[in-house]
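Structure first, then comments.
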Amino acid sequence: MLVLFETSAGFALFKVLDEGKISKSKAADINKVFSSPEGASSIISLKKFYKFDGTLDALEAQTAVSECKVPESLSNFLKKNVVNEKLNEQLIVSDTKFGNAIKDALNIKVLCDETTNELIRGIRLQLKSLVNANEQDLNSMSIGLSHSYSRYKLKFSPDKVDTMIVQAISLLDDLTKEINIYAMRAREWYGWHFPELGKLIASHTQYANVIKMMGNRKNAVNTDFGEVIPSEVAEDVKEAAQISMGTEISEEDLDHIFALCDQFLSIQAYHNELTEYLKNRMNAIAPNLTILVGEVVGARLICRAGSLMNLAKYPASTIQILGAEKALFRALKTKHNTPKYGLIYNAKIVGEASLKNKGKMSRVLAAKAALSARFDALSEVSDTSYGISYKNSVDRRAAAIEGREVRKEYKAEKSHATPKYDHTKSSNNTTRDATGKSMKETSIKQEKEKKDKKDKKEKKDKKEEKEEKVEVKEEKKEKKDKKDKKEKKEEKVEVKEEKKDKKDKKEKKEEKEEKKEKKEKKDKKRKDRDDDDSEKKVKKSKK
């Protein structure tokens, strides 16, 4: 029995001296044996050791082992010391998957269980004495290899680009909350001085700029608001300032309000910059998903999933309710209807749908979003053709569901309609009439074809809806039948139980009556016997 042990310096191959002791003993007993170097050397001894050529060789081997692959250096080492020597012994390894890889590659018998894991723990504990190595050198090699491996994993992490989107959308949501808090605080604070201004100006940015330009409401008449708000609104503001019911305000309070407005405007400017940055990142990393659901919704889906690769692994049903997990589990717990949409509800196409069709549209959009995410995550070439085609198909489906005309296709290809006749190119009237007729005929044909296609599609959709309704009715009928059968069975069982109970009661009653009759007969017989005895005694006494 051989033991393969991986170290930061190289691969060690140990020979088990006492196989019977290992196979019979428990994990706790092996731990006791390896408590001292002498005990470890009595059970196991070093057969061969392969030393790494350098850090790159060690890093390559470690990466392969972590991915449950057999590195080339280990393969050559095992071939030389196990396969070529024709040793028909089991090889103890630390991991089952890694052991299976060695078995497939080199056809060596592999063993990995609780006892062997304890054996490898013991080797790790007494490695310095078993390999005859310096502890300081082993520690320095381990630190160096761990740093190199960490840098390699960080450098080649497939999720490293997605983290930028996750951080950006998280910060964007935080900034949106801060902007709303600052804006409402400014409106509430300045509203004590000029309450009418809040009703006249709806935009938070315009409101903050007006406060900064005007200051005290008395200055409104002499202030030019043309750069910030429309002239009509500016006139209304000036009129409202003259008849305002607000309280007076000190210069110190105005300074603090100005500082608050400056903070708000700076955060708003950064929010706009971050939105543009997020848009560019999403178009570069997930262009098809961005075309389909928009950059903000797409970024939120990636953020909730953890990465674009994780999102690509999700089925469409999961993407549909992503973000509504609490509602889903609450519905499952209380046995209510599950939610129909999560974050995908904020997509434009779902928002435009009517209330009764939002669930349908979220399901259609989630199916296409799952395909788009997979293409963005797994494709090596950035191609937006899939996203455009999916967007057009979703729009057509939305139009069919809502029963309206199909709107212009998203970034549709150039139309192949026949060009209009240019009268400047020819002076021949006959050719002009012929071309005009042909153009009319072709246009009529195209219109007929379009109409036929539309009619066919409508018929198909109606047929599908009817089939769906029929299926739903059949399902309901089956459920009802099952329920009725179940209730009938339960009623039959109850009737049987009642009959059985009555029968048991009747039998018990009859038994009691029989016992009573027997007792009465017995008592009667005893009484008659006693009477006879007493008569006999009386007769005897008389004689």
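By order of appearance in the structure tokens: chains A, B, ..., then residues from 1 within every chain, and ligands from 1 in the order shown.
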Requested in this report: Write out as a PyMOL selection string all residues of range 8-120 of chain A that backbone DSSP assigns to strand (DSSP E).
Outcome: chain A and resi 10-16+44-51+91-92+110-111
Requested in this report: Select from range 195-441 of chain A everything DSSP, run on the backbone, classes as alpha helix (DSSP H), then give the selection as a PyMOL selection string.
Outcome: chain A and resi 197-200+204-214+231-242+251-285+287-293+295-305+308-313+316-320+325-334+348-352+358-378+385-402+429-441
Requested in this report: Quick one: everything within 12 Å of range 167-179 of chain A, counting only C-alpha atoms, minus sequence neighbours fewer than 5 positions away in the same chain. Send it as number ranges by chain.
Outcome: A: 160-162, 184-186, 204-205, 208, 260-282, 295-304, 306-307
Query - Non-local contacts of Lys457 in chain A (12 Å; only C-alpha atoms; under 3 positions in same chain excluded) as a PyMOL selection string - result: chain A and resi 396-397+399-401+403+450-454+460-464
Query raised in the report: In Å, how far is it from CA of Ala64 in chain A to CA of Tyr314 in chain A?
Result: 27.6 Å
Query raised in the report: Within 8 Å of range 8-23 of chain A, counting only C-alpha atoms, which residues qualify if same-chain residues fewer than 5 places away don't, as a VMD selection string?
Result: chain A and resid 1 to 3 30 42 to 52 58 74 115 138 141 to 142 145
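Every protein, DNA or RNA residue with an atom at most 7 Å from Leu292 in chain A, where only C-alpha atoms count and chain neighbours fewer than 6 positions away do not, is listed here: A:Ala369, A:Gly387, A:Lys391.
Interatomic distance, CA of Glu471 in chain A to CA of Pro339 in chain A: 21.9 Å.
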